[in-house]
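Peer 1: Got coords.txt for you, compact mmCIF, C-alpha atoms (C1' of nucleotides):
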# COMPACT_ATOMS: atom_id res chain seq x y z
CA MET A 72 -15.97 -11.41 113.54
CA ASP A 73 -16.69 -8.98 116.38
CA LEU A 74 -19.79 -10.55 117.90
CA GLU A 75 -20.12 -7.93 120.63
CA GLU A 76 -20.36 -5.30 117.91
CA LEU A 77 -22.82 -7.46 115.97
CA MET A 78 -25.13 -7.76 118.97
CA ARG A 79 -24.76 -4.07 119.81
CA ARG A 80 -26.01 -3.13 116.36
CA LEU A 81 -28.94 -5.57 116.50
CA PHE A 82 -30.01 -4.29 119.93
CA GLU A 83 -29.81 -0.75 118.59
CA LEU A 84 -31.97 -1.73 115.62
CA TYR A 85 -34.51 -3.66 117.71
CA PRO A 86 -34.35 -2.03 121.16
CA GLU A 87 -37.56 -3.66 122.38
CA GLY A 88 -35.42 -6.71 123.10
CA TYR A 89 -36.15 -10.36 122.86
CA THR A 90 -39.93 -10.50 122.95
CA ASP A 91 -42.78 -8.49 121.50
CA GLY A 92 -45.52 -10.10 123.48
CA SER A 93 -46.43 -11.84 126.68
CA ARG A 94 -43.92 -13.84 128.70
CA ASP A 95 -46.70 -16.03 130.03
CA PRO A 96 -45.23 -19.51 129.48
CA PHE A 97 -48.51 -20.91 128.19
CA PHE A 98 -48.88 -18.11 125.65
CA VAL A 99 -45.27 -18.45 124.56
CA LEU A 100 -45.67 -22.20 124.16
CA ILE A 101 -48.94 -22.13 122.23
CA SER A 102 -48.06 -19.15 120.03
CA THR A 103 -44.73 -20.78 119.18
CA VAL A 104 -46.45 -24.02 118.20
CA MET A 105 -48.81 -21.95 116.06
CA SER A 106 -45.85 -20.27 114.37
CA HIS A 107 -44.49 -23.42 112.78
CA ARG A 108 -44.02 -22.83 109.03
CA THR A 109 -46.24 -19.77 109.31
CA ARG A 110 -45.28 -16.11 109.02
CA ASP A 111 -45.20 -14.05 112.18
CA ASN A 112 -47.56 -11.37 110.88
CA VAL A 113 -50.17 -14.10 110.46
CA THR A 114 -49.39 -16.05 113.63
CA TYR A 115 -49.33 -13.25 116.18
CA PRO A 116 -52.80 -11.75 115.58
CA ALA A 117 -54.28 -15.27 115.55
CA ALA A 118 -52.57 -16.12 118.85
CA LYS A 119 -53.83 -12.92 120.46
CA ARG A 120 -57.36 -13.64 119.23
CA LEU A 121 -57.20 -17.19 120.57
CA PHE A 122 -56.04 -16.02 124.00
CA GLU A 123 -58.71 -13.36 124.22
CA ARG A 124 -61.16 -16.25 124.13
CA PHE A 125 -59.20 -18.99 125.95
CA SER A 126 -56.09 -18.12 127.95
CA THR A 127 -55.38 -21.12 130.21
CA PRO A 128 -54.94 -24.88 129.81
CA GLU A 129 -58.19 -25.32 131.76
CA GLU A 130 -60.14 -23.18 129.30
CA MET A 131 -58.39 -24.75 126.33
CA VAL A 132 -59.32 -28.35 127.22
CA GLU A 133 -62.92 -27.33 127.81
CA ALA A 134 -63.06 -25.49 124.49
CA ASP A 135 -64.66 -26.93 121.39
CA VAL A 136 -61.86 -27.89 119.04
CA GLU A 137 -63.84 -26.47 116.13
CA GLU A 138 -63.96 -23.08 117.83
CA ILE A 139 -60.19 -23.17 118.30
CA GLU A 140 -59.81 -24.07 114.63
CA ALA A 141 -62.00 -21.13 113.63
CA LEU A 142 -60.01 -18.72 115.82
CA ILE A 143 -56.65 -19.68 114.28
CA LYS A 144 -57.83 -20.44 110.77
CA GLU A 145 -55.27 -18.21 108.99
CA VAL A 146 -52.24 -20.11 110.25
CA GLY A 147 -50.92 -23.05 108.31
CA PHE A 148 -51.71 -26.57 109.59
CA TYR A 149 -54.49 -25.02 111.66
CA ARG A 150 -56.37 -28.28 112.11
CA VAL A 151 -53.30 -30.15 113.30
CA LYS A 152 -52.32 -27.25 115.52
CA ALA A 153 -55.78 -26.88 117.09
CA GLY A 154 -55.66 -30.55 118.00
CA ARG A 155 -52.18 -30.19 119.45
CA ILE A 156 -53.21 -27.15 121.49
CA LYS A 157 -55.95 -29.20 123.14
CA GLU A 158 -53.67 -32.19 123.52
CA ILE A 159 -50.88 -30.15 125.07
CA SER A 160 -53.32 -28.44 127.43
CA GLY A 161 -54.61 -31.81 128.61
CA ILE A 162 -51.10 -33.10 129.26
CA LEU A 163 -50.13 -29.95 131.15
CA LEU A 164 -53.15 -30.36 133.43
CA LYS A 165 -52.75 -34.09 133.90
CA GLU A 166 -48.97 -34.43 134.17
CA TYR A 167 -47.62 -31.04 135.20
CA ASN A 168 -50.25 -29.49 137.46
CA GLY A 169 -51.33 -27.12 134.70
CA ARG A 170 -47.88 -25.55 134.40
CA VAL A 171 -45.58 -25.33 131.43
CA PRO A 172 -42.39 -27.32 132.18
CA ASP A 173 -39.14 -25.37 132.29
CA GLU A 174 -36.80 -28.16 131.26
CA MET A 175 -35.79 -29.19 127.74
CA ASP A 176 -36.32 -32.95 128.17
CA THR A 177 -39.83 -32.45 129.56
CA LEU A 178 -40.87 -29.91 126.93
CA LEU A 179 -39.76 -32.27 124.17
CA LYS A 180 -42.30 -34.84 125.34
CA LEU A 181 -45.19 -32.53 124.39
CA PRO A 182 -46.75 -33.20 120.97
CA GLY A 183 -45.66 -30.72 118.32
CA VAL A 184 -42.80 -29.43 120.47
CA GLY A 185 -39.35 -29.92 119.03
CA ARG A 186 -36.02 -28.42 119.92
CA LYS A 187 -36.71 -25.01 118.38
CA THR A 188 -40.03 -24.56 120.21
CA ALA A 189 -38.61 -25.84 123.51
CA ASN A 190 -35.70 -23.41 123.27
CA CYS A 191 -38.07 -20.52 122.55
CA VAL A 192 -40.09 -21.35 125.67
CA LEU A 193 -36.95 -21.65 127.81
CA ALA A 194 -35.52 -18.38 126.49
CA HIS A 195 -38.59 -16.17 126.17
CA ALA A 196 -40.82 -17.44 128.97
CA PHE A 197 -38.30 -18.60 131.58
CA LEU A 198 -35.40 -16.30 130.61
CA LYS A 199 -32.97 -19.19 130.50
CA ASP A 200 -29.80 -19.24 128.42
CA ALA A 201 -31.33 -21.17 125.52
CA LEU A 202 -30.60 -20.58 121.85
CA ALA A 203 -33.44 -21.39 119.46
CA VAL A 204 -32.35 -22.12 115.90
CA ASP A 205 -34.96 -21.69 113.21
CA THR A 206 -34.61 -21.12 109.47
CA HIS A 207 -33.81 -17.42 109.93
CA VAL A 208 -31.08 -18.05 112.52
CA HIS A 209 -29.73 -20.85 110.38
CA ARG A 210 -29.68 -18.87 107.13
CA ILE A 211 -28.20 -15.69 108.59
CA SER A 212 -25.54 -17.58 110.54
CA ASN A 213 -24.48 -19.25 107.32
CA ARG A 214 -24.45 -15.99 105.35
CA LEU A 215 -22.32 -14.33 108.01
CA GLY A 216 -19.93 -17.27 107.87
CA LEU A 217 -20.48 -18.09 111.56
CA VAL A 218 -21.42 -21.71 110.88
CA GLU A 219 -21.28 -24.10 107.93
CA THR A 220 -23.47 -27.08 108.86
CA LYS A 221 -26.95 -27.68 107.49
CA VAL A 222 -28.03 -29.41 110.71
CA PRO A 223 -29.87 -26.98 113.04
CA GLU A 224 -28.75 -28.76 116.20
CA LYS A 225 -25.13 -28.39 115.15
CA THR A 226 -25.76 -24.73 114.41
CA GLU A 227 -27.07 -24.35 117.96
CA ILE A 228 -23.91 -25.95 119.35
CA GLU A 229 -21.58 -23.89 117.18
CA LEU A 230 -23.32 -20.60 117.92
CA LYS A 231 -23.16 -21.35 121.63
CA LYS A 232 -19.40 -21.79 121.29
CA ILE A 233 -18.83 -18.40 119.69
CA PHE A 234 -21.48 -16.15 121.27
CA PRO A 235 -21.15 -15.07 124.93
CA GLN A 236 -23.80 -16.88 126.99
CA LYS A 237 -25.57 -13.66 127.99
CA TYR A 238 -26.63 -13.22 124.34
CA TRP A 239 -28.07 -16.68 123.67
CA LYS A 240 -31.66 -15.96 124.62
CA HIS A 241 -31.77 -12.82 122.46
CA ILE A 242 -30.35 -14.26 119.26
CA ASN A 243 -33.48 -15.97 117.95
CA LEU A 244 -35.84 -13.01 118.00
CA LEU A 245 -33.26 -10.50 116.81
CA LEU A 246 -32.26 -12.63 113.84
CA VAL A 247 -35.88 -13.50 113.07
CA LYS A 248 -36.68 -9.78 112.84
CA LEU A 249 -33.61 -9.16 110.71
CA GLY A 250 -34.53 -12.18 108.62
CA GLN A 251 -38.09 -10.99 107.98
CA ASN A 252 -37.24 -7.39 107.20
CA ILE A 253 -33.71 -7.29 105.82
CA CYS A 254 -31.82 -10.56 105.49
CA ARG A 255 -34.68 -12.24 103.67
CA PRO A 256 -34.35 -15.72 102.18
CA ILE A 257 -34.71 -14.28 98.67
CA SER A 258 -33.51 -10.84 97.55
CA PRO A 259 -31.99 -9.70 100.84
CA ARG A 260 -31.83 -5.92 101.34
CA CYS A 261 -28.11 -5.78 102.01
CA GLU A 262 -27.95 -2.06 101.16
CA VAL A 263 -29.90 -1.19 104.33
CA CYS A 264 -28.48 -3.94 106.58
CA VAL A 265 -26.59 -2.80 109.67
CA LEU A 266 -24.34 -5.85 109.37
CA ASN A 267 -23.46 -5.46 105.69
CA ASP A 268 -19.85 -4.41 106.35
CA MET A 269 -19.18 -7.64 108.27
CA CYS A 270 -21.00 -10.00 105.91
CA PRO A 271 -19.12 -12.09 103.31
CA LYS A 272 -22.33 -12.61 101.34
CA ILE A 273 -23.15 -8.94 100.85
CA ILE A 274 -25.11 -8.20 97.66
CA LEU A 275 -25.35 -4.58 96.54
C1' DA B 246 -32.10 -37.94 104.58
C1' DA B 247 -36.48 -36.79 102.64
C1' DA B 248 -41.43 -36.38 102.41
C1' DA B 249 -45.81 -34.85 104.37
C1' DC B 250 -48.57 -31.54 106.48
C1' DG B 251 -51.56 -26.68 104.52
C1' DG B 252 -53.78 -21.97 104.40
C1' DG B 253 -52.42 -17.21 103.54
C1' DG B 254 -49.51 -13.48 101.97
C1' DG B 255 -46.18 -11.40 98.64
C1' DC B 256 -45.10 -10.81 94.05
C1' DG C 82 -51.63 -18.17 89.92
C1' DC C 83 -47.19 -19.53 91.77
C1' DC C 84 -43.92 -19.90 95.47
C1' DC C 85 -42.55 -19.76 100.10
C1' DC C 86 -43.10 -19.73 105.09
C1' DA C 87 -40.88 -18.68 113.61
C1' DG C 88 -40.91 -27.00 112.34
C1' DT C 89 -42.18 -31.49 113.73
C1' DT C 90 -43.26 -36.06 112.78
C1' DT C 91 -43.13 -40.03 110.07
C1' DT C 92 -41.18 -42.86 106.49
Can you turn what I pasted into C-alpha cells?
Peer 2:
Amino acid sequence: MDLEELMRRLFELYPEGYTDGSRDPFFVLISTVMSHRTRDNVTYPAAKRLFERFSTPEEMVEADVEEIEALIKEVGFYRVKAGRIKEISGILLKEYNGRVPDEMDTLLKLPGVGRKTANCVLAHAFLKDALAVDTHVHRISNRLGLVETKVPEKTEIELKKIFPQKYWKHINLLLVKLGQNICRPISPRCEVCVLNDMCPKIIL
DNA sequence: AAAACGGGGGC
DNA sequence: GCCCCAGTTTT
C-alpha cells in the first residue's frame, strides 16, 4: 500500500486540512466530548451555539447547568455531557490554572475524556503528533487492510507503525470525513471513492 | 468482553 | 417507526 499516495489523495479531496473549526483547546476539548456517539452535523452547530453563550471555563462553571443542557439538547447524552462540561471546567480552573492540559496522562484524568478525545485535543489543538482512532478510522483501516485488530488502541499502534509521523495528526479528521461521506458504515459509495483502486473491500 | 447511556437524523 | 451514531464508564 502506497500510504504517501493515499494521503495525497485525501488532502486533495479535503484541502482544508485537519480541522474545520477553532483550534482553541477548550473548544476542541468540549466539542469533542460533545461528539461522542453523535453525528458531526448535529454536534458542530450545538458546540458553536454553546460557545456563543459561554466560551471559557470561568463562564462554564458559572453557567446554569440547565441552560447548558438546553443549548446542546440535540446531541446524544446531553444531560451527561452538560454535567461533564461543568465538571471539566471546574477541574481545569482548580487544578490546571484554567488551561487545557497538553499531555495524554493528564487529559485522561478528566471525566468523559478517553484516549480518542485526548488524542483529538493533542492533535487538533496542540498540533502534536497524536493519532485519534474512532469508529471511522477503525472501520476504514480495516477495509483497506491496514490493520486487523478490533481493539482501537492496537489500531492506533499499528497505524503509527505504518504511517509517517508527519501524517498522524491529520488521519482522524480526513478519515472521519471520508467515513461520513463515502466510506460509510453501511452501503459505502465505493464508485466515487478516491481510494477505490487500492481497497480490497471495494464494492461496485 | 459486554452493557449502559440517549436524542436526533436518515431511510 | 426502526436503526445507527466523532466513546467512555461501569459491570
Peer 1: Compute the set of chain C residues within 7 Å of chain A, using all atoms listed in the file, and express it as a ChimeraX atom specification.
Peer 2: /C:86-89
Peer 1: Using only C-alpha atoms (C1' of nucleotides), select each residue of chain B with any atom at most 9 Å away from an atom of chain A, and give the selection as a count of residues only.
Peer 2: 5
Peer 1: Any idea what's packed within 12 Å of B:DC256, counting only C-alpha atoms (C1' of nucleotides), ignoring anything in its chain fewer than 3 positions away? Could you give it as a list in words?
Peer 2: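 Those residues are Ile257 of chain A; DG82, DC83, DC84 and DC85 of chain C.
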Peer 1: Take the residues from that selection and put them in a file with C-alpha atoms (C1' of nucleotides), as a short mmCIF file (atom, residue, chain, number, x, y, z; two decimals), keeping the file's coordinate frame.
Peer 2:
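The resulting file, out37.cif, is reproduced below:
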data_model
loop_
_atom_site.label_atom_id
_atom_site.label_comp_id
_atom_site.auth_asym_id
_atom_site.auth_seq_id
_atom_site.Cartn_x
_atom_site.Cartn_y
_atom_site.Cartn_z
CA ILE A 257 -34.71 -14.28 98.67
"C1'" DG C 82 -51.63 -18.17 89.92
"C1'" DC C 83 -47.19 -19.53 91.77
"C1'" DC C 84 -43.92 -19.90 95.47
"C1'" DC C 85 -42.55 -19.76 100.10
#
Peer 1: Enter the distance from atom CA of A:Ile156 to atom CA of A:Phe197, in Å, rounded to one decimal.
Peer 2: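 These atoms are spaced 19.9 Å apart.
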Peer 1: At what distance in Å, to one decimal, does atom CA of A:Lys231 lie from atom CA of A:Arg94?
Peer 2: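 We find that atom CA of A:Arg94 and atom CA of A:Lys231 lie 23.2 Å from each other.
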Peer 1: At a cut-off of 9 Å, using all atoms listed in the file, what residues contact A:Leu77? Leave out same-chain residues fewer than 5 positions from it and give the result as a ChimeraX atom specification.
Peer 2: /A:72,82,265-266,269
Peer 1: Can you measure atom CA of A:Asp95 to atom CA of A:Leu121 for me? One decimal in Å is fine.
Peer 2: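 That distance, rounded to one decimal, is 14.2 Å.
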Peer 1: Within 12 Å of C:DT91, counting only C-alpha atoms (C1' of nucleotides), which residues qualify if same-chain residues fewer than 5 places away don't, as a ChimeraX atom specification?
Peer 2: /B:247-250
Peer 1: Save N, CA and C atoms (P, O5', C5', C4', C3', O3' and C1' of nucleotides) of chain C from the block above as a PDB file, in the first residue's frame.
Peer 2:
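Result saved to decode-v3.pdb:
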ATOM      1  P    DG C  82     -46.264   4.975  13.838  1.00  0.00           P
ATOM      2  O5'  DG C  82     -44.827   4.435  13.569  1.00  0.00           O
ATOM      3  C5'  DG C  82     -44.092   3.865  14.639  1.00  0.00           C
ATOM      4  C4'  DG C  82     -43.145   2.880  14.007  1.00  0.00           C
ATOM      5  C3'  DG C  82     -42.014   2.434  14.935  1.00  0.00           C
ATOM      6  O3'  DG C  82     -41.666   1.114  14.604  1.00  0.00           O
ATOM      7  C1'  DG C  82     -41.097   3.672  13.146  1.00  0.00           C
ATOM      8  P    DC C  83     -40.811   0.317  15.695  1.00  0.00           P
ATOM      9  O5'  DC C  83     -39.454   0.083  14.905  1.00  0.00           O
ATOM     10  C5'  DC C  83     -39.486  -0.425  13.567  1.00  0.00           C
ATOM     11  C4'  DC C  83     -38.103  -0.329  12.976  1.00  0.00           C
ATOM     12  C3'  DC C  83     -36.991  -0.721  13.956  1.00  0.00           C
ATOM     13  O3'  DC C  83     -36.063  -1.554  13.304  1.00  0.00           O
ATOM     14  C1'  DC C  83     -36.610   1.464  13.119  1.00  0.00           C
ATOM     15  P    DC C  84     -34.909  -2.270  14.165  1.00  0.00           P
ATOM     16  O5'  DC C  84     -33.606  -1.491  13.675  1.00  0.00           O
ATOM     17  C5'  DC C  84     -33.415  -1.253  12.272  1.00  0.00           C
ATOM     18  C4'  DC C  84     -32.202  -0.365  12.084  1.00  0.00           C
ATOM     19  C3'  DC C  84     -31.060  -0.680  13.050  1.00  0.00           C
ATOM     20  O3'  DC C  84     -29.846  -0.759  12.334  1.00  0.00           O
ATOM     21  C1'  DC C  84     -31.664   1.610  13.212  1.00  0.00           C
ATOM     22  P    DC C  85     -28.510  -1.235  13.120  1.00  0.00           P
ATOM     23  O5'  DC C  85     -27.671   0.117  13.141  1.00  0.00           O
ATOM     24  C5'  DC C  85     -27.455   0.815  11.910  1.00  0.00           C
ATOM     25  C4'  DC C  85     -26.914   2.196  12.231  1.00  0.00           C
ATOM     26  C3'  DC C  85     -25.744   2.165  13.205  1.00  0.00           C
ATOM     27  O3'  DC C  85     -24.623   2.801  12.628  1.00  0.00           O
ATOM     28  C1'  DC C  85     -27.390   3.749  13.892  1.00  0.00           C
ATOM     29  P    DC C  86     -23.201   2.743  13.344  1.00  0.00           P
ATOM     30  O5'  DC C  86     -23.022   4.283  13.783  1.00  0.00           O
ATOM     31  C5'  DC C  86     -23.122   5.298  12.779  1.00  0.00           C
ATOM     32  C4'  DC C  86     -23.228   6.646  13.465  1.00  0.00           C
ATOM     33  C3'  DC C  86     -22.071   6.961  14.398  1.00  0.00           C
ATOM     34  O3'  DC C  86     -21.546   8.241  14.113  1.00  0.00           O
ATOM     35  C1'  DC C  86     -24.162   7.239  15.515  1.00  0.00           C
ATOM     36  P    DA C  87     -20.173   8.191  13.122  1.00  0.00           P
ATOM     37  O5'  DA C  87     -19.146   8.701  14.196  1.00  0.00           O
ATOM     38  C5'  DA C  87     -18.457   9.922  13.992  1.00  0.00           C
ATOM     39  C4'  DA C  87     -17.356   9.904  15.004  1.00  0.00           C
ATOM     40  C3'  DA C  87     -17.852   9.845  16.463  1.00  0.00           C
ATOM     41  O3'  DA C  87     -16.899   9.117  17.207  1.00  0.00           O
ATOM     42  C1'  DA C  87     -16.549  11.737  16.171  1.00  0.00           C
ATOM     43  P    DG C  88     -17.414   7.777  17.917  1.00  0.00           P
ATOM     44  O5'  DG C  88     -17.209   8.124  19.461  1.00  0.00           O
ATOM     45  C5'  DG C  88     -15.954   7.825  20.036  1.00  0.00           C
ATOM     46  C4'  DG C  88     -15.936   8.335  21.449  1.00  0.00           C
ATOM     47  C3'  DG C  88     -14.792   7.735  22.259  1.00  0.00           C
ATOM     48  O3'  DG C  88     -14.377   8.709  23.198  1.00  0.00           O
ATOM     49  C1'  DG C  88     -16.898   6.947  23.088  1.00  0.00           C
ATOM     50  P    DT C  89     -13.184   8.336  24.233  1.00  0.00           P
ATOM     51  O5'  DT C  89     -14.035   8.005  25.534  1.00  0.00           O
ATOM     52  C5'  DT C  89     -14.898   9.009  26.054  1.00  0.00           C
ATOM     53  C4'  DT C  89     -15.564   8.515  27.321  1.00  0.00           C
ATOM     54  C3'  DT C  89     -14.598   7.890  28.340  1.00  0.00           C
ATOM     55  O3'  DT C  89     -14.836   8.509  29.584  1.00  0.00           O
ATOM     56  C1'  DT C  89     -16.437   6.434  27.907  1.00  0.00           C
ATOM     57  P    DT C  90     -14.049   8.050  30.890  1.00  0.00           P
ATOM     58  O5'  DT C  90     -15.133   7.138  31.612  1.00  0.00           O
ATOM     59  C5'  DT C  90     -16.428   7.648  31.823  1.00  0.00           C
ATOM     60  C4'  DT C  90     -17.320   6.583  32.434  1.00  0.00           C
ATOM     61  C3'  DT C  90     -16.700   5.856  33.635  1.00  0.00           C
ATOM     62  O3'  DT C  90     -17.623   5.909  34.699  1.00  0.00           O
ATOM     63  C1'  DT C  90     -17.539   4.291  32.045  1.00  0.00           C
ATOM     64  P    DT C  91     -17.285   5.267  36.092  1.00  0.00           P
ATOM     65  O5'  DT C  91     -18.117   3.907  36.101  1.00  0.00           O
ATOM     66  C5'  DT C  91     -19.495   3.937  35.769  1.00  0.00           C
ATOM     67  C4'  DT C  91     -20.025   2.523  35.623  1.00  0.00           C
ATOM     68  C3'  DT C  91     -19.634   1.580  36.770  1.00  0.00           C
ATOM     69  O3'  DT C  91     -20.809   0.930  37.227  1.00  0.00           O
ATOM     70  C1'  DT C  91     -19.127   0.591  34.679  1.00  0.00           C
ATOM     71  P    DT C  92     -20.780  -0.052  38.473  1.00  0.00           P
ATOM     72  O5'  DT C  92     -21.009  -1.475  37.795  1.00  0.00           O
ATOM     73  C5'  DT C  92     -22.058  -1.633  36.847  1.00  0.00           C
ATOM     74  C4'  DT C  92     -21.991  -3.022  36.221  1.00  0.00           C
ATOM     75  C3'  DT C  92     -21.637  -4.145  37.191  1.00  0.00           C
ATOM     76  O3'  DT C  92     -22.519  -5.230  36.980  1.00  0.00           O
ATOM     77  C1'  DT C  92     -20.173  -4.209  35.353  1.00  0.00           C
TER      78       DT C  92
END
